[in-house]
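Pasted below: protein31.cif, mmCIF, C-alpha atoms and all ligand atoms.
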data_model
#
loop_
_atom_site.group_PDB
_atom_site.id
_atom_site.type_symbol
_atom_site.label_atom_id
_atom_site.label_comp_id
_atom_site.auth_asym_id
_atom_site.auth_seq_id
_atom_site.Cartn_x
_atom_site.Cartn_y
_atom_site.Cartn_z
ATOM 1 C CA MET D 102 81.081 88.951 128.180
ATOM 2 C CA SER D 103 83.470 86.636 126.367
ATOM 3 C CA ASN D 104 86.000 89.033 124.874
ATOM 4 C CA ILE D 105 85.878 92.822 124.804
ATOM 5 C CA VAL D 106 87.531 94.423 121.777
ATOM 6 C CA ILE D 107 88.858 97.979 122.203
ATOM 7 C CA ALA D 108 89.160 100.095 119.062
ATOM 8 C CA THR D 109 92.102 102.469 119.329
ATOM 9 C CA ARG D 110 94.206 104.845 117.264
ATOM 10 C CA GLU D 111 97.783 103.700 116.942
ATOM 11 C CA SER D 112 99.738 106.655 118.276
ATOM 12 C CA ARG D 113 101.826 105.836 121.323
ATOM 13 C CA LEU D 114 99.485 107.871 123.547
ATOM 14 C CA ALA D 115 96.314 106.294 122.141
ATOM 15 C CA LEU D 116 97.792 102.817 122.663
ATOM 16 C CA TRP D 117 98.800 103.703 126.222
ATOM 17 C CA GLN D 118 95.244 104.838 126.919
ATOM 18 C CA ALA D 119 93.676 101.742 125.346
ATOM 19 C CA GLU D 120 96.059 99.463 127.257
ATOM 20 C CA HIS D 121 95.208 101.334 130.461
ATOM 21 C CA VAL D 122 91.512 100.570 129.964
ATOM 22 C CA GLN D 123 92.395 97.009 128.920
ATOM 23 C CA SER D 124 94.241 96.505 132.185
ATOM 24 C CA LEU D 125 91.400 97.998 134.287
ATOM 25 C CA LEU D 126 88.930 95.648 132.610
ATOM 26 C CA GLN D 127 91.262 92.680 133.006
ATOM 27 C CA GLN D 128 91.542 93.439 136.722
ATOM 28 C CA ALA D 129 87.739 93.244 136.803
ATOM 29 C CA GLY D 130 87.987 89.735 135.327
ATOM 30 C CA HIS D 131 87.320 90.427 131.634
ATOM 31 C CA THR D 132 89.233 89.238 128.589
ATOM 32 C CA VAL D 133 90.208 92.200 126.424
ATOM 33 C CA SER D 134 91.969 92.650 123.084
ATOM 34 C CA LEU D 135 92.900 95.731 121.038
ATOM 35 C CA LEU D 136 92.049 96.645 117.446
ATOM 36 C CA GLY D 137 94.455 99.318 116.145
ATOM 37 C CA LEU D 138 93.122 101.726 113.507
ATOM 38 C CA THR D 139 94.449 104.731 111.622
ATOM 39 C CA THR D 140 92.144 107.763 111.555
ATOM 40 C CA ARG D 141 91.960 110.693 109.139
ATOM 41 C CA GLY D 142 93.133 112.910 111.976
ATOM 42 C CA ASP D 143 96.355 110.894 112.212
ATOM 43 C CA GLN D 144 97.015 111.178 108.485
ATOM 44 C CA ILE D 145 96.619 114.934 108.174
ATOM 45 C CA LEU D 146 99.768 116.429 109.604
ATOM 46 C CA ASP D 147 100.365 119.471 107.478
ATOM 47 C CA ARG D 148 97.227 121.489 108.179
ATOM 48 C CA SER D 149 95.609 122.795 111.289
ATOM 49 C CA LEU D 150 92.823 120.501 112.462
ATOM 50 C CA SER D 151 90.502 123.457 112.745
ATOM 51 C CA LYS D 152 90.768 123.922 108.969
ATOM 52 C CA VAL D 153 90.104 120.324 107.916
ATOM 53 C CA GLY D 154 87.111 119.247 109.944
ATOM 54 C CA GLY D 155 87.995 119.243 113.587
ATOM 55 C CA LYS D 156 87.679 116.783 116.382
ATOM 56 C CA GLY D 157 85.483 114.237 114.600
ATOM 57 C CA LEU D 158 88.469 113.227 112.465
ATOM 58 C CA PHE D 159 89.963 111.253 115.328
ATOM 59 C CA VAL D 160 86.854 109.329 116.248
ATOM 60 C CA LYS D 161 85.032 108.438 113.015
ATOM 61 C CA GLU D 162 87.039 105.332 112.077
ATOM 62 C CA LEU D 163 86.677 104.048 115.618
ATOM 63 C CA GLU D 164 82.919 104.586 115.483
ATOM 64 C CA LEU D 165 82.738 102.693 112.193
ATOM 65 C CA ALA D 166 84.408 99.723 113.898
ATOM 66 C CA LEU D 167 81.792 99.876 116.696
ATOM 67 C CA GLU D 168 79.002 100.193 114.149
ATOM 68 C CA GLU D 169 80.179 97.149 112.203
ATOM 69 C CA GLY D 170 80.725 95.091 115.340
ATOM 70 C CA ARG D 171 84.496 94.784 114.774
ATOM 71 C CA ALA D 172 85.002 96.372 118.187
ATOM 72 C CA ASP D 173 82.949 96.868 121.358
ATOM 73 C CA ILE D 174 84.354 100.015 122.898
ATOM 74 C CA ALA D 175 86.486 102.978 121.817
ATOM 75 C CA VAL D 176 88.849 104.781 124.176
ATOM 76 C CA HIS D 177 89.324 108.492 123.477
ATOM 77 C CA SER D 178 91.056 111.502 124.967
ATOM 78 C CA LEU D 179 87.867 113.237 126.072
ATOM 79 C CA LYS D 180 89.237 116.511 124.686
ATOM 80 C CA ASP D 181 89.012 115.041 121.168
ATOM 81 C CA VAL D 182 85.434 113.802 121.512
ATOM 82 C CA PRO D 183 82.843 116.040 119.833
ATOM 83 C CA MET D 184 80.276 117.573 122.194
ATOM 84 C CA ASP D 185 77.416 115.699 120.583
ATOM 85 C CA LEU D 186 78.112 112.142 119.484
ATOM 86 C CA PRO D 187 76.511 110.893 116.282
ATOM 87 C CA GLU D 188 73.110 109.197 116.589
ATOM 88 C CA GLY D 189 73.456 105.701 118.017
ATOM 89 C CA PHE D 190 76.603 106.298 120.087
ATOM 90 C CA ALA D 191 77.012 107.065 123.773
ATOM 91 C CA LEU D 192 79.728 108.082 126.175
ATOM 92 C CA ALA D 193 79.639 105.164 128.609
ATOM 93 C CA CYS D 194 81.934 106.683 131.204
ATOM 94 C CA VAL D 195 84.679 109.181 131.982
ATOM 95 C CA LEU D 196 87.682 107.795 133.847
ATOM 96 C CA GLU D 197 89.750 109.426 136.565
ATOM 97 C CA ARG D 198 91.561 112.327 134.980
ATOM 98 C CA GLU D 199 95.309 112.902 134.708
ATOM 99 C CA ASP D 200 96.768 116.370 135.217
ATOM 100 C CA PRO D 201 94.435 118.657 133.199
ATOM 101 C CA ARG D 202 96.989 121.476 132.790
ATOM 102 C CA ASP D 203 99.091 122.625 129.867
ATOM 103 C CA ALA D 204 102.854 122.354 130.070
ATOM 104 C CA LEU D 205 105.757 124.293 128.592
ATOM 105 C CA VAL D 206 108.501 122.169 127.055
ATOM 106 C CA SER D 207 111.779 123.780 126.053
ATOM 107 C CA PRO D 208 115.386 122.653 125.857
ATOM 108 C CA ARG D 209 116.827 125.984 127.008
ATOM 109 C CA HIS D 210 114.155 128.003 128.795
ATOM 110 C CA GLY D 211 112.609 127.206 132.156
ATOM 111 C CA SER D 212 109.376 129.159 131.906
ATOM 112 C CA LEU D 213 107.279 131.364 129.660
ATOM 113 C CA ASP D 214 108.680 134.462 131.385
ATOM 114 C CA ALA D 215 112.216 133.275 130.702
ATOM 115 C CA LEU D 216 111.682 133.111 126.924
ATOM 116 C CA PRO D 217 113.552 135.856 125.088
ATOM 117 C CA GLN D 218 111.695 138.638 123.291
ATOM 118 C CA GLY D 219 110.204 137.318 120.026
ATOM 119 C CA ALA D 220 110.896 133.653 120.819
ATOM 120 C CA VAL D 221 109.228 131.035 118.584
ATOM 121 C CA VAL D 222 106.599 128.943 120.363
ATOM 122 C CA GLY D 223 104.936 125.972 118.679
ATOM 123 C CA THR D 224 101.254 125.131 118.999
ATOM 124 C CA SER D 225 98.350 124.643 116.606
ATOM 125 C CA SER D 226 95.684 124.977 119.255
ATOM 126 C CA LEU D 227 93.728 128.222 118.760
ATOM 127 C CA ARG D 228 93.015 128.217 122.491
ATOM 128 C CA ARG D 229 96.725 128.126 123.305
ATOM 129 C CA VAL D 230 97.505 130.757 120.656
ATOM 130 C CA VAL D 231 94.993 133.205 122.103
ATOM 131 C CA LEU D 232 96.041 132.612 125.726
ATOM 132 C CA LEU D 233 99.751 132.836 124.870
ATOM 133 C CA ARG D 234 99.174 136.087 122.953
ATOM 134 C CA ALA D 235 97.476 137.555 126.012
ATOM 135 C CA LEU D 236 100.423 136.594 128.224
ATOM 136 C CA ARG D 237 103.266 137.427 125.849
ATOM 137 C CA PRO D 238 102.231 139.492 122.814
ATOM 138 C CA ASP D 239 105.844 139.541 121.592
ATOM 139 C CA LEU D 240 106.117 135.782 120.965
ATOM 140 C CA ARG D 241 106.087 134.341 117.446
ATOM 141 C CA ILE D 242 103.588 131.506 117.563
ATOM 142 C CA GLU D 243 104.097 128.914 114.830
ATOM 143 C CA PRO D 244 101.937 125.910 113.876
ATOM 144 C CA LEU D 245 102.899 122.526 115.334
ATOM 145 C CA ARG D 246 101.074 119.314 114.492
ATOM 146 C CA GLY D 247 101.671 115.590 114.809
ATOM 147 C CA ASN D 248 101.625 113.136 117.659
ATOM 148 C CA LEU D 249 103.556 113.795 120.857
ATOM 149 C CA ASP D 250 106.804 112.206 119.664
ATOM 150 C CA THR D 251 106.677 114.180 116.405
ATOM 151 C CA ARG D 252 106.097 117.443 118.250
ATOM 152 C CA LEU D 253 108.981 116.809 120.654
ATOM 153 C CA ARG D 254 111.262 115.879 117.737
ATOM 154 C CA LYS D 255 110.431 119.137 115.938
ATOM 155 C CA LEU D 256 111.293 121.026 119.130
ATOM 156 C CA ASP D 257 114.553 119.132 119.541
ATOM 157 C CA GLU D 258 115.496 119.818 115.905
ATOM 158 C CA GLY D 259 115.459 123.499 116.792
ATOM 159 C CA GLN D 260 112.354 124.600 114.891
ATOM 160 C CA TYR D 261 110.949 126.204 118.074
ATOM 161 C CA ASP D 262 112.277 127.748 121.287
ATOM 162 C CA ALA D 263 109.449 126.140 123.241
ATOM 163 C CA ILE D 264 106.198 124.254 122.689
ATOM 164 C CA VAL D 265 103.019 123.926 124.724
ATOM 165 C CA LEU D 266 101.501 120.471 125.252
ATOM 166 C CA ALA D 267 99.015 118.863 127.584
ATOM 167 C CA ALA D 268 100.805 117.677 130.735
ATOM 168 C CA ALA D 269 98.624 114.546 130.735
ATOM 169 C CA GLY D 270 100.027 113.105 127.514
ATOM 170 C CA LEU D 271 103.629 113.714 128.594
ATOM 171 C CA LYS D 272 103.034 112.114 131.981
ATOM 172 C CA ARG D 273 101.259 109.098 130.531
ATOM 173 C CA LEU D 274 104.151 108.397 128.172
ATOM 174 C CA GLY D 275 106.782 108.738 130.892
ATOM 175 C CA LEU D 276 107.972 112.070 129.464
ATOM 176 C CA ALA D 277 107.207 114.186 132.537
ATOM 177 C CA GLU D 278 110.886 115.130 132.829
ATOM 178 C CA ARG D 279 110.510 117.162 129.625
ATOM 179 C CA ILE D 280 108.073 119.529 131.369
ATOM 180 C CA ARG D 281 109.721 122.819 132.343
ATOM 181 C CA THR D 282 106.629 124.430 133.864
ATOM 182 C CA VAL D 283 103.011 123.489 134.161
ATOM 183 C CA PHE D 284 100.703 126.444 133.656
ATOM 184 C CA GLU D 285 98.225 127.007 136.442
ATOM 185 C CA PRO D 286 94.665 127.363 135.123
ATOM 186 C CA GLU D 287 94.804 131.051 136.116
ATOM 187 C CA THR D 288 97.470 131.537 133.430
ATOM 188 C CA MET D 289 96.570 129.059 130.679
ATOM 189 C CA LEU D 290 93.057 127.737 131.090
ATOM 190 C CA PRO D 291 92.827 124.117 129.821
ATOM 191 C CA ALA D 292 90.463 122.822 127.146
ATOM 192 C CA ALA D 293 87.209 121.119 128.095
ATOM 193 C CA GLY D 294 87.889 117.516 129.055
ATOM 194 C CA GLN D 295 91.671 117.866 128.915
ATOM 195 C CA GLY D 296 93.467 115.007 130.664
ATOM 196 C CA ALA D 297 90.372 112.807 130.916
ATOM 197 C CA LEU D 298 89.611 109.583 129.067
ATOM 198 C CA GLY D 299 86.174 108.769 127.740
ATOM 199 C CA ILE D 300 84.860 105.401 126.633
ATOM 200 C CA GLU D 301 82.415 105.352 123.727
ATOM 201 C CA VAL D 302 80.031 102.512 122.893
ATOM 202 C CA ARG D 303 77.038 101.937 120.674
ATOM 203 C CA ALA D 304 74.044 103.301 122.555
ATOM 204 C CA ASP D 305 72.193 99.988 122.145
ATOM 205 C CA ARG D 306 74.882 98.068 124.062
ATOM 206 C CA ALA D 307 73.272 98.129 127.517
ATOM 207 C CA ASP D 308 75.530 95.192 128.465
ATOM 208 C CA LEU D 309 78.621 97.358 127.955
ATOM 209 C CA LEU D 310 77.166 100.410 129.700
ATOM 210 C CA ALA D 311 76.666 98.252 132.811
ATOM 211 C CA LEU D 312 80.066 96.608 132.513
ATOM 212 C CA LEU D 313 81.886 99.952 132.165
ATOM 213 C CA ALA D 314 80.003 101.841 134.895
ATOM 214 C CA PRO D 315 82.437 100.796 137.664
ATOM 215 C CA LEU D 316 85.336 102.403 135.745
ATOM 216 C CA ALA D 317 83.797 105.874 135.981
ATOM 217 C CA CYS D 318 85.242 108.544 138.234
ATOM 218 C CA ARG D 319 82.163 110.402 139.364
ATOM 219 C CA PRO D 320 83.812 113.734 140.369
ATOM 220 C CA ASP D 321 85.757 113.918 137.094
ATOM 221 C CA GLU D 322 82.685 112.858 135.126
ATOM 222 C CA LEU D 323 80.678 115.744 136.610
ATOM 223 C CA ALA D 324 83.503 118.278 136.200
ATOM 224 C CA THR D 325 84.039 117.362 132.554
ATOM 225 C CA ALA D 326 80.259 117.388 131.956
ATOM 226 C CA ALA D 327 80.260 121.027 133.081
ATOM 227 C CA GLU D 328 83.240 121.813 130.830
ATOM 228 C CA ARG D 329 81.695 120.115 127.822
ATOM 229 C CA ALA D 330 78.439 121.984 128.399
ATOM 230 C CA VAL D 331 80.355 125.253 127.950
ATOM 231 C CA SER D 332 81.637 124.081 124.562
ATOM 232 C CA ARG D 333 78.272 122.688 123.491
ATOM 233 C CA THR D 334 76.451 125.904 124.382
ATOM 234 C CA MET D 335 79.046 128.007 122.583
ATOM 235 C CA GLY D 336 78.818 125.739 119.544
ATOM 236 C CA GLY D 337 82.467 124.981 120.233
ATOM 237 C CA SER D 338 84.661 123.389 117.621
ATOM 238 C CA CYS D 339 88.405 123.372 117.009
ATOM 239 C CA SER D 340 87.991 126.641 115.145
ATOM 240 C CA MET D 341 86.849 128.474 118.279
ATOM 241 C CA PRO D 342 89.460 129.440 120.872
ATOM 242 C CA LEU D 343 87.602 128.212 123.911
ATOM 243 C CA ALA D 344 88.798 127.042 127.315
ATOM 244 C CA ALA D 345 86.749 125.485 130.106
ATOM 245 C CA HIS D 346 88.012 124.021 133.318
ATOM 246 C CA ALA D 347 86.048 122.893 136.374
ATOM 247 C CA ARG D 348 87.423 122.220 139.859
ATOM 248 C CA TRP D 349 85.796 121.000 143.053
ATOM 249 C CA GLN D 350 85.815 123.696 145.715
ATOM 250 C CA SER D 351 84.407 121.456 148.408
ATOM 251 C CA GLU D 352 82.137 118.445 148.617
ATOM 252 C CA GLY D 353 79.448 118.971 145.970
ATOM 253 C CA ARG D 354 80.501 122.515 144.989
ATOM 254 C CA LEU D 355 81.996 122.971 141.561
ATOM 255 C CA ARG D 356 83.763 126.056 140.205
ATOM 256 C CA ILE D 357 84.024 126.500 136.472
ATOM 257 C CA ASP D 358 86.339 128.905 134.650
ATOM 258 C CA ALA D 359 85.829 129.590 130.973
ATOM 259 C CA ALA D 360 87.615 131.763 128.448
ATOM 260 C CA TRP D 361 86.897 132.752 124.858
ATOM 261 C CA GLY D 362 89.199 134.466 122.421
ATOM 262 C CA ASP D 363 88.426 136.117 119.128
ATOM 263 C CA PRO D 364 89.452 133.676 116.364
ATOM 264 C CA GLU D 365 90.100 136.618 114.028
ATOM 265 C CA GLY D 366 93.161 137.293 116.124
ATOM 266 C CA ALA D 367 91.961 140.489 117.728
ATOM 267 C CA ALA D 368 93.266 140.959 121.240
ATOM 268 C CA THR D 369 89.864 140.119 122.688
ATOM 269 C CA LEU D 370 89.963 137.602 125.521
ATOM 270 C CA VAL D 371 86.917 137.122 127.688
ATOM 271 C CA ARG D 372 87.130 135.205 130.928
ATOM 272 C CA VAL D 373 84.413 134.254 133.407
ATOM 273 C CA HIS D 374 83.830 131.924 136.313
ATOM 274 C CA ALA D 375 80.846 130.527 138.173
ATOM 275 C CA LEU D 376 80.184 128.347 141.185
ATOM 276 C CA ALA D 377 77.324 125.985 141.957
ATOM 277 C CA GLU D 378 76.199 122.790 143.587
ATOM 278 C CA ALA D 379 76.784 119.957 141.148
ATOM 279 C CA ALA D 380 75.452 116.772 142.653
ATOM 280 C CA ASP D 381 74.393 115.218 139.361
ATOM 281 C CA PRO D 382 75.038 115.543 135.607
ATOM 282 C CA ALA D 383 72.040 117.868 135.133
ATOM 283 C CA GLN D 384 73.392 120.356 137.680
ATOM 284 C CA ALA D 385 76.930 120.111 136.291
ATOM 285 C CA THR D 386 75.612 120.737 132.792
ATOM 286 C CA ALA D 387 73.535 123.680 133.995
ATOM 287 C CA LEU D 388 76.673 125.210 135.532
ATOM 288 C CA GLY D 389 78.524 124.902 132.235
ATOM 289 C CA GLU D 390 75.616 126.417 130.320
ATOM 290 C CA HIS D 391 75.532 129.296 132.777
ATOM 291 C CA ALA D 392 79.252 129.938 132.253
ATOM 292 C CA ALA D 393 78.713 129.941 128.490
ATOM 293 C CA ARG D 394 75.965 132.540 128.829
ATOM 294 C CA LEU D 395 78.285 134.667 130.970
ATOM 295 C CA LEU D 396 80.868 134.445 128.175
ATOM 296 C CA GLN D 397 78.244 135.488 125.618
ATOM 297 C CA ALA D 398 77.095 138.374 127.805
ATOM 298 C CA ALA D 399 80.726 139.511 127.950
ATOM 299 C CA GLY D 400 81.003 139.540 124.155
ATOM 300 C CA ALA D 401 81.909 135.986 123.156
ATOM 301 C CA HIS D 402 80.151 134.667 120.058
HETATM 302 N N1 LIG Y 501 95.060 117.973 120.916
HETATM 303 C C1 LIG Y 501 95.480 116.626 120.815
HETATM 304 C C2 LIG Y 501 95.473 115.932 122.138
HETATM 305 N N2 LIG Y 501 94.373 115.263 122.545
HETATM 306 C C3 LIG Y 501 94.648 114.726 123.773
HETATM 307 C C4 LIG Y 501 95.931 115.048 124.113
HETATM 308 C C5 LIG Y 501 96.583 114.581 125.351
HETATM 309 C C6 LIG Y 501 96.089 115.195 126.611
HETATM 310 C C7 LIG Y 501 94.711 114.836 127.026
HETATM 311 O O1 LIG Y 501 94.416 113.652 127.264
HETATM 312 O O2 LIG Y 501 93.889 115.759 127.170
HETATM 313 C C8 LIG Y 501 96.477 115.825 123.089
HETATM 314 C C9 LIG Y 501 97.825 116.396 123.019
HETATM 315 C C10 LIG Y 501 97.979 117.804 123.513
HETATM 316 O O3 LIG Y 501 96.997 118.557 123.627
HETATM 317 O O4 LIG Y 501 99.115 118.208 123.784
#
In structure tokens, how does this file's structure come out?
Amino acid sequence: MSNIVIATRESRLALWQAEHVQSLLQQAGHTVSLLGLTTRGDQILDRSLSKVGGKGLFVKELELALEEGRADIAVHSLKDVPMDLPEGFALACVLEREDPRDALVSPRHGSLDALPQGAVVGTSSLRRVVLLRALRPDLRIEPLRGNLDTRLRKLDEGQYDAIVLAAAGLKRLGLAERIRTVFEPETMLPAAGQGALGIEVRADRADLLALLAPLACRPDELATAAERAVSRTMGGSCSMPLAAHARWQSEGRLRIDAAWGDPEGAATLVRVHALAEAADPAQATALGEHAARLLQAAGAH
């Protein structure tokens, strides 16, 4: 192909991710340029995403660019990609994933346990709210939106005692030293796809599907397929506190953990896990669907 155009949001993290894919493709001998775009999700900073339309907000403008042929591929944080893409689009591949865990960032406190009674913790993720409430019911959890730099600035201005962010974003932007603790999945189960990058193309671009195939990380692709199947089966959106995280136990054997919290704020938190062979996407998906049914059997809805 002559020149591959990558559509990307313009936050520092989105640009890092697009440039990462650009460099992988360049190493494979391709010429690649970037097309920066602002999405509705980037413009809405004052309201929780779950209230204004959810994940699709970050991807629609990029899809329009693919549709109109202004760009060839779109690079996304997989966590922000809706479970079912609109007609005519496909997820070409999932790349090797960064640290999938959540991280605590705080100027004065080294861990969640070290936070004083009633401390103010910033996050707008319903999943993080529900999991934090289960760990520390005394905390005051306050909304926190904006890109990574904005969130860190709000913390540094003193609006919060601590905030919870994905470790992956901090590491990618060279901000790993801000992490005070990473939460093990046993404590704070990550969101489906967290830390992974996905590349979206128009489904009719067989040329691009072939060209991108070598970038895929098969184990991470299968693990995130299982995680995304949990969300899809649950009808997951930003307005549902849902966590799903899959890990390889041994060659070919995948363990998935999933958690669901009551969005009405009740203290309900359901957590399940399941284990299965996952040699291909169909088996990985079946494992995720099974975990979702276990959640439902335990009261999730
Ligand atoms: N919710 C927004 C979002 N989407 C992707 C990331 C970065 C981490 C990733 O790639 O999963 C973040 C920030 C965060 O959750 O702190």
Excluding Ala379 in chain D and its own-chain neighbours fewer than 6 positions away, which residues fall within 12 Å of it when counting all atoms listed in the file? Please give them as a count of residues only.
25
Set up a box along x, y and z of the file covering all listed atoms of ligand LIG 501 (chain Y), add 5 Å on every one of the six sides, and write the centre and edge lengths in Å to one decimal, as lines of an AutoDock Vina configuration file.
center_x = 96.5
center_y = 116.1
center_z = 124.0
size_x = 15.2
size_y = 14.9
size_z = 16.4
Find the spatial neighbours of His402 in chain D, counting only C-alpha atoms, within a cut-off of 10 Å - ignore same-chain residues fewer than 3 positions away - and output them as a ChimeraX atom specification.
/D:335-337,341,361-363,393-394,396-399
Within 12 Å of range 135-140 of chain D, counting all atoms listed in the file, which residues show up once you throw out same-chain ones fewer than 6 positions away? Write them as a PyMOL selection string, please.
chain D and resi 104-113+115-124+146+156-167+170-176
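Nearest to Asp262 in chain D of all the residues D:Arg209, D:Arg234, D:Arg281, D:Arg228 is D:Arg209, counting only C-alpha atoms.
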Evaluate the PyMOL selection byres (((not hetatm)) within 8 of (chain Y and resi 501)) on the structure here and hand back the selected residues as a PyMOL selection string.
chain D and resi 114+178-181+199+201+203+226+248-249+265-271+292+294-298
Explicit residue set for the PyMOL selection byres (((chain D and resi 211) around 12) and not hetatm), as a VMD selection string
chain D and resid 204 to 210 212 to 217 262 to 264 279 to 283
Top pick for closest residue to Leu253 in chain D, considering D:Pro238, D:Thr224, D:Arg229, D:Arg306 and counting all atoms listed in the file:
D:Thr224
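The space separating CA of Ser103 in chain D from CA of Leu126 in chain D comes to 12.2 Å.
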Report the distance between CA of Leu196 in chain D and CA of Ile300 in chain D in Å, rounded to one decimal place.
8.1 Å
What is the distance between CA of Cys194 in chain D and CA of Gly130 in chain D, in Å to one decimal?
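These two atoms are separated by 18.5 Å.
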Counting only C-alpha atoms, write as a short mmCIF file (atom, residue, chain, number, x, y, z; two decimals) with C-alpha atoms, in the coordinates of the input all protein and nucleic acid residues lying at most 12 Å from (79.8, 100.1, 133.6) in the file's frame.
data_model
loop_
_atom_site.label_atom_id
_atom_site.label_comp_id
_atom_site.auth_asym_id
_atom_site.auth_seq_id
_atom_site.Cartn_x
_atom_site.Cartn_y
_atom_site.Cartn_z
CA LEU D 125 91.40 98.00 134.29
CA LEU D 126 88.93 95.65 132.61
CA ALA D 129 87.74 93.24 136.80
CA ILE D 174 84.35 100.02 122.90
CA LEU D 192 79.73 108.08 126.18
CA ALA D 193 79.64 105.16 128.61
CA CYS D 194 81.93 106.68 131.20
CA VAL D 195 84.68 109.18 131.98
CA LEU D 196 87.68 107.80 133.85
CA ILE D 300 84.86 105.40 126.63
CA GLU D 301 82.42 105.35 123.73
CA VAL D 302 80.03 102.51 122.89
CA ARG D 306 74.88 98.07 124.06
CA ALA D 307 73.27 98.13 127.52
CA ASP D 308 75.53 95.19 128.46
CA LEU D 309 78.62 97.36 127.96
CA LEU D 310 77.17 100.41 129.70
CA ALA D 311 76.67 98.25 132.81
CA LEU D 312 80.07 96.61 132.51
CA LEU D 313 81.89 99.95 132.16
CA ALA D 314 80.00 101.84 134.90
CA PRO D 315 82.44 100.80 137.66
CA LEU D 316 85.34 102.40 135.74
CA ALA D 317 83.80 105.87 135.98
CA CYS D 318 85.24 108.54 138.23
#
Using only C-alpha atoms, determine which residues lie at most 10 Å from Asp358 in chain D, disregarding the query and same-chain residues fewer than 3 positions distant; provide the list as a list of chain:residue names.
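With the cut-off at 10 Å, the set is D:Pro286, D:Glu287, D:Leu290, D:Pro291, D:Glu328, D:Val331, D:Ala344, D:Ala345, D:His346, D:Ala347, D:Arg348, D:Arg372, D:Val373, D:His374, D:Ala375, D:Leu376, D:Gly389, D:Ala392, D:Ala393.
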